[in-house]
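Enquirer: Before we start, here is the structure in question, set down as structure tokens.
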Amino acid sequence: MEEIIGEDNIDDKNNDGGKDFDEYEKICYLCHRPESKAGKMIELPQNICICADCLQKTFDTMNSNSNLDDLMKFGGMGIPGIHFMNMSDFGDMSERQKIKKKKKGEKKAAPIDLKKVPAPHQIKAMLDEYVIGQEYAKKVISVAVYNHYKRVATDTMESIEIQKSNMLMIGPTGSGKTYLVQTLARLLDVPLAITDATSLTEAGYIGDDIESVVSKLLAAADNDVEKAERGIIFIDEIDKIAKKKETRNRDVSGESVQQGLLRILEGSDVEVPVGANSKNAMVPLTTVNTRNILFICGGAFPDLDNIIKERLNKQSSIGFKADLKDKYDNDPALLEKVTLEDLREFGMIPEFLGRLPVVFTLRKLTEEMLVRILKEPKNAILKQYGKLLELDEVDLQFEEGAYEAIAKKALEKDTGARALRSIIEEFMLDIMYETPKDKNIGRVIITKEYVEKKGGPIIEPRGVPMIEAL
């Protein structure tokens, strides 16, 4: 019995590092259907598999053109209409195009244990360690993810079916939309895919098919369909698929993409290309049900504030109680007054907005928030530079005025937290270049004057006590 088991194990392994590929479905080389749909496969050399249907069609075609004279007319080059494969031209299928299969007799595992689901305040506490400010946004996402876990865990309910709450996140550039979701991906043990709406186009045009957003989630779940069906998808730059105004060309990347996303957001069976962004004859397909997938859409929505101001100014424009035209020009909470009508005016179709019931906004970063971003997060950029210089046995410190100078420069660039990196890279360049030259440097103190290019940093030799430097 032991010898038989050993032989089976050898047969199940191919030459690629001895990995057991029995956990993946075989895919027909000709029709690209997985084994679960096409049935048992016939294995050929070079790890090529063909289903019984394709093999029968090949034999039928050859039998109908089996006249030897016809074959010789073409100098032995082959029969018209038939393409003979050279098995040595094909290697193993790419790892990212293999679909995991369920073993015989394996029961559908309970996806999530409710006892291990983190509560909303626990999720928010984890986000607080990395994301500064945006308290309302963190609270909304924490509750949504918590409810998503519970919804998936109680998938088979007797009488009440919990609907998923897809979200639309609106905020100016650099306010932390993508970073918030990226941090969530690191903290939670759930498949999460971050994709971009700018490359999406209508089927048949150059660009990514709409199903590619689900394909990326499948890749994040290691091609495990069941695992992907309980994941989260974040579609960034969603404002780029707004309905185009005053255009004579076909809107292949605007309203048509919104129409295509409707059934995916709502929940349906989607034919997804495995390991590719678009469907074609050389890519295997699998079916993913999106009913339990939570969608979070985010975008900066430029000029949306002008639409909101125009609506608010129409409310009272004549008489003694009339509002001034510039009343809302410097309102930091203007985006929080957004309505679905404003988003429709921007170019989002009502059917699309109806499938994103939770709409919330992120505030523009202030100088105080930017200073906190420099100091407080676990992976703050200044802490990263401090660690790099620590490897050279150099202590990096900042004066309080330096933090404020960096924040003021970032506000002038008007690109949010993204501006911090470019500013710090600029004044840290010479320090990172010169410090390894001199082994006597023990401490570098960044001053406000150095950030403002009115002076230089304070350089102290090794052995100076920490108290003297502060």
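Following the order of the structure tokens, chains are lettered A, B, ..., residues in each are numbered from 1, and ligands are numbered from 1.
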Please, which residues in stretch 352-395 of chain A fall within 12 Å of stretch 428-431 of chain A when counting only C-alpha atoms, and what is the closest atom pair and distance in Å to one decimal for each, ordered by chain then residue number, as CSV?

Expert:
```
residue,atom,partner,partner_atom,distance
A:Ile381,CA,A:Met428,CA,11.6
A:Leu382,CA,A:Met428,CA,10.1
A:Gln384,CA,A:Met428,CA,11.9
A:Tyr385,CA,A:Met428,CA,8.6
A:Gly386,CA,A:Met428,CA,10.9
A:Leu388,CA,A:Ile431,CA,11.4
A:Leu389,CA,A:Ile431,CA,9.4
A:Asp392,CA,A:Ile431,CA,11.9
A:Val394,CA,A:Ile431,CA,10.8
A:Asp395,CA,A:Ile431,CA,11.9
```

Enquirer: Which residues are near A:Tyr205? Cut-off 12 Å, only C-alpha atoms, ignore same chain within fewer than 2 positions. Put them as number ranges by chain.

Expert: A: 199-203, 207-210, 250-253, 256-257, 278-279

Enquirer: DSSP on the backbone, then: every residue of stretch 250-290 of chain A marked alpha helix (DSSP H), written as a list in words.

Expert: Glu255, Ser256, Val257, Gln258, Gln259, Gly260, Leu261, Leu262, Arg263, Ile264, Leu265 and Glu266 of chain A

Enquirer: Using backbone DSSP assignments, extract all strand (DSSP E) residues from stretch 290-449 of chain A; output them as a PyMOL selection string.

Expert: chain A and resi 294-299+358-361+395-398+441-446

Enquirer: Take the residues that were just selected and, keeping all heavy atoms, output them as a short mmCIF file (atom, residue, chain, number, x, y, z; two decimals), in the first residue's frame.

Expert:
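Generated file (out.cif):
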```cif
data_model
loop_
_atom_site.label_atom_id
_atom_site.label_comp_id
_atom_site.auth_asym_id
_atom_site.auth_seq_id
_atom_site.Cartn_x
_atom_site.Cartn_y
_atom_site.Cartn_z
N LEU A 294 -17.57 43.16 -1.78
CA LEU A 294 -17.82 44.55 -1.39
C LEU A 294 -17.01 45.47 -2.29
O LEU A 294 -15.80 45.29 -2.45
CB LEU A 294 -17.43 44.77 0.08
CG LEU A 294 -17.64 46.18 0.62
CD1 LEU A 294 -19.13 46.49 0.72
CD2 LEU A 294 -16.98 46.32 1.99
N PHE A 295 -17.67 46.46 -2.87
CA PHE A 295 -17.01 47.41 -3.76
C PHE A 295 -16.88 48.76 -3.07
O PHE A 295 -17.85 49.30 -2.53
CB PHE A 295 -17.80 47.57 -5.06
CG PHE A 295 -17.69 46.39 -5.99
CD1 PHE A 295 -18.54 45.30 -5.85
CD2 PHE A 295 -16.74 46.34 -6.98
CE1 PHE A 295 -18.45 44.21 -6.68
CE2 PHE A 295 -16.63 45.25 -7.83
CZ PHE A 295 -17.49 44.19 -7.68
N ILE A 296 -15.66 49.31 -3.10
CA ILE A 296 -15.40 50.67 -2.61
C ILE A 296 -14.87 51.47 -3.79
O ILE A 296 -13.84 51.11 -4.38
CB ILE A 296 -14.38 50.67 -1.47
CG1 ILE A 296 -14.82 49.74 -0.33
CG2 ILE A 296 -14.17 52.09 -0.93
CD1 ILE A 296 -13.78 49.58 0.77
N CYS A 297 -15.56 52.52 -4.18
CA CYS A 297 -15.13 53.37 -5.29
C CYS A 297 -14.64 54.70 -4.74
O CYS A 297 -15.24 55.26 -3.81
CB CYS A 297 -16.29 53.60 -6.27
SG CYS A 297 -16.93 52.09 -7.02
N GLY A 298 -13.57 55.21 -5.31
CA GLY A 298 -13.00 56.47 -4.83
C GLY A 298 -12.58 57.37 -5.97
O GLY A 298 -12.17 56.88 -7.04
N GLY A 299 -12.68 58.66 -5.75
CA GLY A 299 -12.27 59.61 -6.78
C GLY A 299 -12.15 61.01 -6.23
O GLY A 299 -12.77 61.35 -5.21
N VAL A 358 -23.70 54.07 0.09
CA VAL A 358 -22.96 54.79 1.13
C VAL A 358 -22.01 55.78 0.46
O VAL A 358 -21.03 55.38 -0.18
CB VAL A 358 -22.17 53.82 2.03
CG1 VAL A 358 -21.44 54.59 3.12
CG2 VAL A 358 -23.10 52.78 2.64
N VAL A 359 -22.30 57.08 0.57
CA VAL A 359 -21.46 58.13 -0.01
C VAL A 359 -20.87 58.95 1.14
O VAL A 359 -21.61 59.46 1.99
CB VAL A 359 -22.29 59.03 -0.95
CG1 VAL A 359 -21.40 60.12 -1.53
CG2 VAL A 359 -22.91 58.21 -2.07
N PHE A 360 -19.56 59.08 1.19
CA PHE A 360 -18.91 59.89 2.22
C PHE A 360 -17.71 60.61 1.64
O PHE A 360 -17.22 60.27 0.55
CB PHE A 360 -18.51 59.04 3.43
CG PHE A 360 -17.50 57.97 3.12
CD1 PHE A 360 -16.15 58.17 3.37
CD2 PHE A 360 -17.89 56.74 2.59
CE1 PHE A 360 -15.21 57.19 3.10
CE2 PHE A 360 -16.96 55.75 2.32
CZ PHE A 360 -15.62 55.99 2.57
N THR A 361 -17.25 61.64 2.34
CA THR A 361 -16.18 62.49 1.83
C THR A 361 -15.00 62.52 2.79
O THR A 361 -15.13 62.26 3.98
CB THR A 361 -16.69 63.93 1.62
OG1 THR A 361 -17.17 64.44 2.87
CG2 THR A 361 -17.81 63.96 0.60
N ASP A 395 22.26 59.91 13.98
CA ASP A 395 20.96 60.23 14.57
C ASP A 395 20.35 61.42 13.84
O ASP A 395 20.96 62.49 13.75
CB ASP A 395 21.15 60.55 16.06
CG ASP A 395 19.82 60.90 16.74
OD1 ASP A 395 18.79 60.31 16.35
OD2 ASP A 395 19.83 61.76 17.64
N LEU A 396 19.12 61.25 13.31
CA LEU A 396 18.43 62.31 12.58
C LEU A 396 17.34 62.91 13.46
O LEU A 396 16.49 62.18 13.99
CB LEU A 396 17.82 61.77 11.28
CG LEU A 396 17.01 62.77 10.44
CD1 LEU A 396 17.94 63.87 9.91
CD2 LEU A 396 16.30 62.07 9.30
N GLN A 397 17.35 64.24 13.62
CA GLN A 397 16.35 64.93 14.42
C GLN A 397 15.82 66.15 13.67
O GLN A 397 16.46 66.64 12.75
CB GLN A 397 16.96 65.38 15.77
CG GLN A 397 17.40 64.25 16.66
CD GLN A 397 17.95 64.74 17.97
OE1 GLN A 397 17.62 65.84 18.41
NE2 GLN A 397 18.79 63.95 18.61
N PHE A 398 14.63 66.60 14.09
CA PHE A 398 13.99 67.75 13.46
C PHE A 398 13.57 68.75 14.53
O PHE A 398 13.03 68.37 15.57
CB PHE A 398 12.75 67.31 12.67
CG PHE A 398 13.05 66.57 11.40
CD1 PHE A 398 13.37 65.22 11.43
CD2 PHE A 398 13.01 67.22 10.18
CE1 PHE A 398 13.65 64.53 10.26
CE2 PHE A 398 13.30 66.54 9.00
CZ PHE A 398 13.62 65.20 9.05
N ILE A 441 30.47 62.11 11.73
CA ILE A 441 29.15 62.70 11.94
C ILE A 441 28.32 61.77 12.80
O ILE A 441 28.14 60.59 12.48
CB ILE A 441 28.45 62.97 10.60
CG1 ILE A 441 29.24 63.99 9.78
CG2 ILE A 441 27.02 63.47 10.83
CD1 ILE A 441 28.66 64.25 8.41
N GLY A 442 27.80 62.31 13.90
CA GLY A 442 27.00 61.48 14.80
C GLY A 442 25.54 61.89 14.84
O GLY A 442 24.67 61.09 15.18
N ARG A 443 25.26 63.17 14.53
CA ARG A 443 23.88 63.65 14.60
C ARG A 443 23.66 64.75 13.58
O ARG A 443 24.51 65.61 13.38
CB ARG A 443 23.57 64.16 16.01
CG ARG A 443 22.10 64.54 16.22
CD ARG A 443 21.85 64.92 17.68
NE ARG A 443 22.15 63.80 18.56
CZ ARG A 443 23.08 63.82 19.52
NH1 ARG A 443 23.79 64.91 19.71
NH2 ARG A 443 23.30 62.75 20.27
N VAL A 444 22.48 64.71 12.93
CA VAL A 444 22.07 65.76 11.99
C VAL A 444 20.73 66.30 12.47
O VAL A 444 19.78 65.54 12.67
CB VAL A 444 21.95 65.22 10.55
CG1 VAL A 444 21.45 66.32 9.62
CG2 VAL A 444 23.28 64.68 10.06
N ILE A 445 20.66 67.64 12.66
CA ILE A 445 19.42 68.28 13.11
C ILE A 445 18.92 69.18 11.99
O ILE A 445 19.61 70.10 11.56
CB ILE A 445 19.65 69.09 14.40
CG1 ILE A 445 20.21 68.19 15.51
CG2 ILE A 445 18.33 69.73 14.85
CD1 ILE A 445 20.58 68.94 16.77
N ILE A 446 17.71 68.88 11.49
CA ILE A 446 17.11 69.67 10.42
C ILE A 446 16.42 70.89 11.04
O ILE A 446 15.57 70.76 11.92
CB ILE A 446 16.08 68.83 9.62
CG1 ILE A 446 16.74 67.54 9.10
CG2 ILE A 446 15.51 69.65 8.47
CD1 ILE A 446 17.87 67.76 8.15
#
```

Enquirer: Do you have the atom CA of A:Ser36-atom CA of A:Ile293 distance handy?

Expert: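 These two atoms are separated by 22.5 Å.
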